[in-house]
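Shown next: entry_26.cif, containing mmCIF, C-alpha atoms and all ligand atoms.
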```cif
data_run
#
loop_
_atom_site.label_atom_id
_atom_site.label_comp_id
_atom_site.auth_asym_id
_atom_site.auth_seq_id
_atom_site.Cartn_x
_atom_site.Cartn_y
_atom_site.Cartn_z
CA MET A 168 14.82 25.55 2.05
CA PRO A 169 13.10 22.98 4.28
CA HIS A 170 9.58 22.00 3.35
CA PRO A 171 7.26 24.04 5.58
CA TYR A 172 4.66 21.33 6.16
CA TRP A 173 5.96 17.88 5.18
CA PRO A 174 9.36 17.36 6.86
CA LEU A 175 9.77 13.89 5.33
CA PHE A 176 10.89 15.67 2.15
CA ASP A 177 14.00 16.83 4.05
CA LEU A 178 14.96 13.45 5.46
CA ARG A 179 18.23 12.18 3.98
CA VAL A 180 20.24 9.02 4.51
CA ARG A 181 23.74 9.23 3.01
CA THR A 182 26.43 6.61 2.58
CA PRO A 183 29.76 7.06 0.77
CA ARG A 184 28.11 5.65 -2.37
CA LEU A 185 24.48 6.85 -2.39
CA GLU A 186 21.72 8.96 -0.93
CA ILE A 187 18.15 7.93 -0.05
CA ARG A 188 15.45 10.57 0.16
CA TYR A 189 11.70 10.92 0.02
CA PRO A 190 11.03 11.71 -3.67
CA THR A 191 9.32 14.79 -5.04
CA ASP A 192 7.05 14.44 -8.07
CA ASP A 193 9.98 15.48 -10.26
CA ASP A 194 12.10 12.71 -8.71
CA LEU A 195 9.23 10.25 -9.36
CA CYS A 196 9.22 11.18 -13.07
CA ARG A 197 12.96 10.42 -13.24
CA LEU A 198 12.47 7.20 -11.28
CA THR A 199 9.72 6.12 -13.66
CA ALA A 200 12.17 6.53 -16.55
CA VAL A 201 14.50 4.08 -14.75
CA ILE A 202 11.64 1.57 -14.48
CA ASP A 203 10.88 2.07 -18.18
CA GLU A 204 14.43 0.93 -18.99
CA GLY A 205 13.80 -2.32 -17.06
CA ILE A 206 14.38 -3.48 -13.51
CA HIS A 207 14.28 -7.25 -13.94
CA ASP A 208 14.32 -10.04 -16.49
CA PRO A 209 10.76 -10.09 -17.91
CA ASP A 210 10.87 -13.91 -17.82
CA THR A 211 10.72 -13.86 -14.04
CA MET A 212 8.69 -11.89 -11.50
CA PRO A 213 10.46 -10.77 -8.32
CA PHE A 214 7.45 -8.93 -6.88
CA LEU A 215 4.43 -10.32 -5.05
CA ILE A 216 2.22 -7.83 -6.88
CA PRO A 217 3.27 -8.17 -10.55
CA TRP A 218 3.08 -4.42 -11.21
CA THR A 219 5.91 -4.47 -13.76
CA ASP A 220 3.75 -6.67 -16.06
CA GLU A 221 1.32 -3.78 -16.64
CA PRO A 222 1.67 -2.23 -20.13
CA PRO A 223 2.28 1.50 -20.54
CA PRO A 224 0.76 3.92 -19.69
CA GLN A 225 -1.12 1.99 -16.96
CA ARG A 226 2.12 0.91 -15.27
CA GLN A 227 3.49 4.42 -15.01
CA ARG A 228 0.15 5.82 -13.84
CA GLY A 229 -0.19 2.93 -11.38
CA SER A 230 3.27 3.68 -9.97
CA PHE A 231 2.37 7.32 -9.42
CA GLN A 232 -0.91 6.34 -7.79
CA TRP A 233 0.97 3.95 -5.46
CA TRP A 234 3.54 6.61 -4.49
CA TRP A 235 0.86 9.27 -4.00
CA SER A 236 -1.27 6.85 -1.98
CA LYS A 237 1.66 6.22 0.36
CA ARG A 238 2.02 9.95 0.88
CA ALA A 239 -1.70 10.54 1.36
CA GLN A 240 -2.26 7.54 3.64
CA TRP A 241 0.77 8.14 5.89
CA ARG A 242 -0.18 7.74 9.54
CA PRO A 243 2.10 7.28 12.58
CA GLU A 244 0.41 3.88 13.07
CA ASP A 245 0.84 2.77 9.46
CA TRP A 246 3.50 4.29 7.23
CA THR A 247 5.52 3.50 4.12
CA PHE A 248 8.66 5.51 3.55
CA ALA A 249 8.94 5.04 -0.21
CA GLY A 250 12.53 6.19 -0.63
CA ALA A 251 14.31 7.03 -3.87
CA VAL A 252 17.99 6.08 -4.25
CA PHE A 253 20.43 8.48 -5.92
CA VAL A 254 24.00 7.92 -7.07
CA ASP A 255 25.85 11.13 -8.01
CA GLY A 256 22.45 12.90 -8.12
CA GLU A 257 20.99 10.36 -10.54
CA PRO A 258 18.00 8.22 -9.50
CA VAL A 259 18.87 4.52 -9.72
CA GLY A 260 16.21 2.74 -7.71
CA ALA A 261 13.83 2.58 -4.78
CA GLN A 262 14.28 1.54 -1.19
CA ASP A 263 11.13 1.33 0.90
CA LEU A 264 10.82 1.07 4.67
CA LEU A 265 7.39 0.28 6.10
CA ALA A 266 5.81 -0.42 9.44
CA LYS A 267 2.50 -0.80 11.22
CA ASN A 268 2.27 0.32 14.86
CA PHE A 269 6.00 1.07 14.85
CA GLY A 270 5.81 3.00 18.16
CA PRO A 271 5.03 -0.06 20.29
CA LEU A 272 6.32 -2.83 17.96
CA ARG A 273 9.60 -1.31 16.67
CA THR A 274 9.47 -3.72 13.74
CA VAL A 275 10.02 -2.72 10.10
CA ARG A 276 9.89 -4.32 6.67
CA THR A 277 11.80 -3.36 3.55
CA GLY A 278 11.34 -3.64 -0.20
CA SER A 279 13.58 -2.46 -3.02
CA TRP A 280 14.59 -2.47 -6.66
CA LEU A 281 17.39 -1.06 -8.81
CA GLY A 282 17.53 -0.27 -12.50
CA ARG A 283 19.25 -3.16 -14.27
CA PRO A 284 22.40 -1.20 -15.21
CA TRP A 285 23.03 -0.58 -11.49
CA GLN A 286 22.48 -4.13 -10.29
CA GLY A 287 25.25 -6.49 -9.20
CA ARG A 288 27.64 -3.73 -8.09
CA GLY A 289 26.95 -3.79 -4.38
CA LEU A 290 24.42 -0.96 -4.51
CA GLY A 291 21.49 -3.15 -3.40
CA LYS A 292 23.42 -4.08 -0.28
CA GLU A 293 24.51 -0.47 0.24
CA MET A 294 20.96 0.93 0.04
CA ARG A 295 19.60 -1.79 2.36
CA ALA A 296 22.40 -0.97 4.83
CA ALA A 297 21.38 2.69 4.57
CA ILE A 298 17.69 2.08 5.25
CA LEU A 299 18.55 -0.32 8.09
CA HIS A 300 20.67 2.45 9.59
CA LEU A 301 17.62 4.72 9.48
CA ALA A 302 15.50 1.99 11.07
CA PHE A 303 17.85 0.80 13.82
CA GLU A 304 20.01 3.84 14.55
CA GLY A 305 17.55 6.60 13.71
CA LEU A 306 14.22 5.11 14.74
CA GLY A 307 15.31 2.58 17.37
CA ALA A 308 13.93 -0.50 15.62
CA THR A 309 14.43 -3.87 17.28
CA GLU A 310 13.72 -6.08 14.26
CA ALA A 311 13.68 -5.85 10.44
CA ASN A 312 11.94 -8.30 8.13
CA SER A 313 12.24 -8.95 4.43
CA GLU A 314 11.03 -11.52 1.96
CA ALA A 315 11.99 -12.73 -1.49
CA PHE A 316 11.05 -15.53 -3.85
CA HIS A 317 13.22 -18.64 -3.35
CA ASP A 318 15.05 -18.05 -6.66
CA ASN A 319 15.77 -14.33 -6.21
CA ALA A 320 19.47 -14.84 -5.50
CA ALA A 321 20.34 -11.13 -5.48
CA SER A 322 17.66 -10.20 -2.96
CA LEU A 323 18.33 -13.22 -0.74
CA GLY A 324 22.07 -12.55 -1.05
CA THR A 325 21.57 -8.94 0.02
CA SER A 326 19.64 -9.94 3.13
CA ARG A 327 21.90 -12.80 4.15
CA SER A 328 25.08 -10.82 3.65
CA LEU A 329 23.71 -8.17 6.04
CA GLY A 330 23.04 -10.72 8.77
CA TYR A 331 19.39 -11.65 8.23
CA GLU A 332 18.45 -15.21 9.22
CA ASP A 333 15.92 -17.32 7.35
CA ASN A 334 12.56 -17.13 9.10
CA GLY A 335 10.33 -19.64 7.31
CA LEU A 336 8.66 -20.15 3.97
CA GLU A 337 5.29 -19.00 2.70
CA THR A 338 3.39 -20.22 -0.33
CA VAL A 339 1.98 -17.33 -2.33
CA LEU A 340 0.71 -16.66 -5.80
CA ARG A 341 3.36 -15.57 -8.30
CA ARG A 342 1.84 -14.44 -11.57
CA GLY A 343 -1.14 -16.59 -10.55
CA THR A 344 0.86 -19.75 -9.77
CA PRO A 345 1.72 -20.98 -6.23
CA ASP A 346 5.39 -20.49 -5.38
CA ARG A 347 7.65 -20.23 -2.33
CA MET A 348 8.55 -16.96 -0.66
CA VAL A 349 11.46 -16.96 1.80
CA ARG A 350 11.04 -14.80 4.90
CA LEU A 351 14.14 -13.29 6.51
CA ARG A 352 14.64 -11.52 9.83
CA LEU A 353 17.38 -9.26 11.19
CA THR A 354 17.49 -8.59 14.93
CA ARG A 355 18.89 -5.44 16.48
CA ALA A 356 21.69 -7.51 18.06
CA ASP A 357 22.72 -8.88 14.66
CA TRP A 358 22.53 -5.41 13.11
CA LEU A 359 24.66 -3.95 15.91
CA ARG A 360 27.41 -6.46 15.18
CA ARG A 361 27.69 -5.02 11.66
CA ARG A 362 26.74 -1.41 12.44
CA ARG A 363 28.51 1.02 10.10
CA ASP A 364 29.87 4.39 11.20
CA ASP A 365 29.95 5.95 7.72
CA ILE A 366 26.18 6.41 7.23
CA ALA A 367 24.61 9.79 8.08
CA ILE A 368 20.97 10.66 8.73
CA ASP A 369 19.77 14.27 8.34
CA GLY A 370 16.39 15.83 8.98
CA LEU A 371 14.91 13.07 11.12
CA GLU A 372 14.16 15.09 14.25
CA ALA A 373 11.37 17.08 12.55
CA CYS A 374 9.52 13.96 11.41
CA ARG A 375 9.98 11.58 14.35
CA ASP A 376 6.32 11.95 15.33
CA GLN A 377 5.30 10.93 11.79
CA PHE A 378 7.05 7.61 12.41
CA GLY A 379 5.01 7.15 15.59
CA LEU A 380 7.90 8.08 17.92
CA PRO A 381 7.85 10.42 20.89
CA GLY A 382 11.02 11.24 22.84
CA ALA A 383 14.60 11.95 21.90
CA LEU A 384 16.49 10.82 18.80
CA GLY A 385 17.85 7.28 19.07
CA GLU A 386 15.83 6.40 22.18
CA PRO A 387 14.96 2.70 21.95
C1 LIG A 401 17.51 -7.24 -5.35
C2 LIG A 401 18.43 -6.09 -5.75
C3 LIG A 401 17.92 -4.78 -5.14
C4 LIG A 401 19.85 -6.42 -5.17
O1 LIG A 401 20.74 -5.41 -5.53
P1 LIG A 401 22.13 -5.71 -6.28
O2 LIG A 401 22.83 -4.42 -6.39
O3 LIG A 401 21.86 -6.45 -7.52
O4 LIG A 401 22.86 -6.67 -5.24
P2 LIG A 401 24.36 -6.47 -4.69
O5 LIG A 401 25.30 -6.33 -5.84
O6 LIG A 401 24.36 -5.40 -3.67
O7 LIG A 401 24.60 -7.89 -3.99
C5 LIG A 401 24.17 -8.13 -2.66
C6 LIG A 401 24.62 -9.50 -2.23
O8 LIG A 401 23.94 -10.51 -2.96
C7 LIG A 401 24.87 -11.29 -3.71
N1 LIG A 401 24.30 -11.48 -5.04
C8 LIG A 401 23.90 -10.53 -5.90
N2 LIG A 401 23.42 -11.09 -7.03
C9 LIG A 401 23.55 -12.41 -6.87
C10 LIG A 401 23.25 -13.53 -7.68
N3 LIG A 401 22.68 -13.35 -8.90
N4 LIG A 401 23.50 -14.77 -7.22
C11 LIG A 401 24.04 -14.95 -5.99
N5 LIG A 401 24.34 -13.91 -5.15
C12 LIG A 401 24.11 -12.68 -5.59
C13 LIG A 401 26.14 -10.48 -3.78
O9 LIG A 401 27.28 -11.28 -3.92
C14 LIG A 401 26.10 -9.73 -2.47
O10 LIG A 401 26.53 -10.53 -1.38
P3 LIG A 401 28.02 -10.34 -0.76
O11 LIG A 401 28.14 -8.92 -0.35
O12 LIG A 401 28.02 -11.28 0.40
O13 LIG A 401 28.98 -10.72 -1.86
C15 LIG A 401 18.55 -5.94 -7.30
O14 LIG A 401 19.19 -7.08 -7.84
C16 LIG A 401 17.19 -5.75 -7.97
O15 LIG A 401 16.70 -4.64 -8.03
N6 LIG A 401 16.60 -6.83 -8.51
C17 LIG A 401 15.32 -6.74 -9.24
C18 LIG A 401 14.16 -6.35 -8.32
C19 LIG A 401 14.09 -7.24 -7.11
O16 LIG A 401 14.31 -8.44 -7.18
N7 LIG A 401 13.73 -6.61 -5.97
C20 LIG A 401 13.59 -7.33 -4.71
C21 LIG A 401 12.28 -8.03 -4.64
S1 LIG A 401 12.21 -9.05 -3.17
#
```

Let me see the structure of the file written as structure tokens.
Amino acid sequence: MPHPYWPLFDLRVRTPRLEIRYPTDDDLCRLTAVIDEGIHDPDTMPFLIPWTDEPPPQRQRGSFQWWWSKRAQWRPEDWTFAGAVFVDGEPVGAQDLLAKNFGPLRTVRTGSWLGRPWQGRGLGKEMRAAILHLAFEGLGATEANSEAFHDNAASLGTSRSLGYEDNGLETVLRRGTPDRMVRLRLTRADWLRRRRDDIAIDGLEACRDQFGLPGALGEP
């Protein structure tokens, strides 16, 4: 049964290999168990905010507070779709899509992680393709941005293999030490060249206004 008040819970993006949906609290518990098993080599830090360095139970509680804050603070002018990724009904990772002033700007950013057992099998690329389909096909985005540390070969490889172009470097703190972050940008034209016809979006119409969009589905 559709959620009576929060239609985002019924939004689904499906590819032949996976499904992305807005997680319930039960899904978040299962996703937290995936994080507990490890999502990166502890010797390196792929994230700008080093949240995976937090010891338990602060890390798990911090994750829940972050997810809940994204729900509570959702506004059409500033939203984070913190999606959970499922393979055969099992949570395997997270794929976020976020934007500020999406209505006029039509620009999105993404962030993601997978549990280590699911990495290196093409799923990172598949879930990024899925969320880009939501952004470009579903929401009419004109540009998508991403960023990764210079040595994060899997994340950079995901972006580049989907057509993103390098868009400059930024020096940021990584675990308190300056390091280089690579910015990447995918235009609508470059996405269209690789547009897939095997990705389905369900339940978007009811939440278009939450993404800051008036008008009909797919209108640019
Ligand atoms: C980043 C992440 C989501 C990528 O997902 P993945 O499933 O491991 O990546 P895929 O198997 O889909 O590979 C995507 C592309 O990157 C390439 N790639 C993957 N790992 C690579 C590596 N270690 N070195 C070079 N290229 C690599 C693949 O060959 C593929 O490109 P191709 O299709 O042109 O061959 C995943 O590795 C992850 O969760 N890492 C830890 C958290 C993280 O770094 N999050 C991102 C923070 S910016």

Contact residues around stretch 374-380 of chain A with only C-alpha atoms at 6 Å, ignoring same-chain residues under 4 positions, as a VMD selection string
chain A and resid 174 243 270

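Remark: for A:Trp218, the closest of the candidate residues A:Arg197, A:Leu272, A:Arg341, A:Leu353 is A:Arg341 (distances computed over only C-alpha atoms).
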
Rounded to one decimal, what separation in Å do you get between atom CA of A:Glu304 and atom CA of A:Gly278?
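That distance, rounded to one decimal, is 18.7 Å.
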
As AutoDock Vina command-line options: centre and edge lengths in Å, one decimal, of the axis-aligned box holding stretch 356-365 of chain A with 6 Å per side:
```
--center_x 25.8 --center_y -1.5 --center_z 12.9 --size_x 20.3 --size_y 26.8 --size_z 22.3
```

Using all atoms listed in the file, find the one residue out of A:Ile187, A:Leu336, A:Leu178, A:Leu359 that sits nearest to A:Gly256.
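Selected residue with least distance to A:Gly256: A:Ile187.
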
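With only C-alpha atoms and all ligand atoms as the atoms that count, the minimum distance from ligand LIG 401 (chain A) to the choices A:Asp369, A:Asp208, A:Asp346, A:Glu257 is reached by A:Asp208.
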
Could you give me, as a PyMOL selection string, every polymer residue with an atom at most 9 Å away from an atom of ligand LIG 401 (chain A), counting all atoms listed in the file?
chain A and resi 206-208+212-215+260-262+277-283+285-295+313-316+319-329

Writer output for current selection, C-alpha atoms, as a CSV table (one decimal), keeping the file's coordinate frame:
```
chain,number,residue,atom,x,y,z
A,206,ILE,CA,14.4,-3.5,-13.5
A,207,HIS,CA,14.3,-7.2,-13.9
A,208,ASP,CA,14.3,-10.0,-16.5
A,212,MET,CA,8.7,-11.9,-11.5
A,213,PRO,CA,10.5,-10.8,-8.3
A,214,PHE,CA,7.4,-8.9,-6.9
A,215,LEU,CA,4.4,-10.3,-5.0
A,260,GLY,CA,16.2,2.7,-7.7
A,261,ALA,CA,13.8,2.6,-4.8
A,262,GLN,CA,14.3,1.5,-1.2
A,277,THR,CA,11.8,-3.4,3.6
A,278,GLY,CA,11.3,-3.6,-0.2
A,279,SER,CA,13.6,-2.5,-3.0
A,280,TRP,CA,14.6,-2.5,-6.7
A,281,LEU,CA,17.4,-1.1,-8.8
A,282,GLY,CA,17.5,-0.3,-12.5
A,283,ARG,CA,19.2,-3.2,-14.3
A,285,TRP,CA,23.0,-0.6,-11.5
A,286,GLN,CA,22.5,-4.1,-10.3
A,287,GLY,CA,25.2,-6.5,-9.2
A,288,ARG,CA,27.6,-3.7,-8.1
A,289,GLY,CA,27.0,-3.8,-4.4
A,290,LEU,CA,24.4,-1.0,-4.5
A,291,GLY,CA,21.5,-3.2,-3.4
A,292,LYS,CA,23.4,-4.1,-0.3
A,293,GLU,CA,24.5,-0.5,0.2
A,294,MET,CA,21.0,0.9,0.0
A,295,ARG,CA,19.6,-1.8,2.4
A,313,SER,CA,12.2,-9.0,4.4
A,314,GLU,CA,11.0,-11.5,2.0
A,315,ALA,CA,12.0,-12.7,-1.5
A,316,PHE,CA,11.0,-15.5,-3.8
A,319,ASN,CA,15.8,-14.3,-6.2
A,320,ALA,CA,19.5,-14.8,-5.5
A,321,ALA,CA,20.3,-11.1,-5.5
A,322,SER,CA,17.7,-10.2,-3.0
A,323,LEU,CA,18.3,-13.2,-0.7
A,324,GLY,CA,22.1,-12.6,-1.0
A,325,THR,CA,21.6,-8.9,0.0
A,326,SER,CA,19.6,-9.9,3.1
A,327,ARG,CA,21.9,-12.8,4.2
A,328,SER,CA,25.1,-10.8,3.6
A,329,LEU,CA,23.7,-8.2,6.0
```

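Atom CA of A:Leu195 lies 7.5 Å from atom CA of A:Phe231.
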
Between A:Ala296, A:Thr338, A:Ile366, A:Glu221, which is the closest to A:Thr182 once you count all atoms listed in the file?
A:Ile366

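Rounded to one decimal, atom CA of A:Leu265 and atom CA of A:Ala308 lie 11.6 Å from each other.
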
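Closest approach to A:Ile368 from the set A:Leu264, A:Val254, A:Ala356, A:Leu306 is made by A:Leu306, with distances taken over only C-alpha atoms.
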
Among listed residues A:Ala311, A:Leu301, A:Leu340, A:Leu185, nearest A:Leu371 (using all atoms listed in the file):
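Once distances to A:Leu371 are computed over all atoms listed in the file, the minimum belongs to A:Leu301.
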
Skipping near chain neighbours, those fewer than 5 positions away, what residues fall within 7 Å of A:Asp245 using all atoms listed in the file, listed as a ChimeraX atom specification?
/A:266-268

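Look at A:Arg238: the protein and nucleic acid residues within 9 Å of it, using only C-alpha atoms and passing over chain neighbours fewer than 5 places away, are Trp233, Trp246, Thr247, Phe248 and Ala249 of chain A.
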
Residue completion, stretch 230-242 of chain A, N, CA and C atoms, as a tab-separated table (two decimals), in the coordinates of the input:
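Listed below is the output, out_20.tsv:
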```tsv
chain	number	residue	atom	x	y	z
A	230	SER	N	2.16	3.38	-10.88
A	230	SER	CA	3.27	3.68	-9.97
A	230	SER	C	3.03	5.01	-9.26
A	231	PHE	N	2.64	6.02	-10.05
A	231	PHE	CA	2.37	7.32	-9.42
A	231	PHE	C	1.25	7.22	-8.40
A	232	GLN	N	0.19	6.47	-8.75
A	232	GLN	CA	-0.91	6.34	-7.79
A	232	GLN	C	-0.43	5.64	-6.52
A	233	TRP	N	0.45	4.65	-6.65
A	233	TRP	CA	0.97	3.95	-5.46
A	233	TRP	C	1.79	4.92	-4.61
A	234	TRP	N	2.72	5.66	-5.26
A	234	TRP	CA	3.54	6.61	-4.49
A	234	TRP	C	2.67	7.67	-3.82
A	235	TRP	N	1.72	8.23	-4.59
A	235	TRP	CA	0.86	9.27	-4.00
A	235	TRP	C	0.02	8.69	-2.87
A	236	SER	N	-0.44	7.44	-3.04
A	236	SER	CA	-1.27	6.85	-1.98
A	236	SER	C	-0.45	6.70	-0.70
A	237	LYS	N	0.82	6.37	-0.83
A	237	LYS	CA	1.66	6.22	0.36
A	237	LYS	C	1.87	7.56	1.06
A	238	ARG	N	1.95	8.62	0.26
A	238	ARG	CA	2.02	9.95	0.88
A	238	ARG	C	0.71	10.28	1.59
A	239	ALA	N	-0.40	10.10	0.85
A	239	ALA	CA	-1.70	10.54	1.36
A	239	ALA	C	-2.14	9.72	2.56
A	240	GLN	N	-1.77	8.43	2.58
A	240	GLN	CA	-2.26	7.54	3.64
A	240	GLN	C	-1.30	7.44	4.82
A	241	TRP	N	-0.23	8.23	4.80
A	241	TRP	CA	0.77	8.14	5.89
A	241	TRP	C	0.10	8.44	7.23
A	242	ARG	N	0.27	7.54	8.17
A	242	ARG	CA	-0.18	7.74	9.54
A	242	ARG	C	0.91	7.21	10.46
```
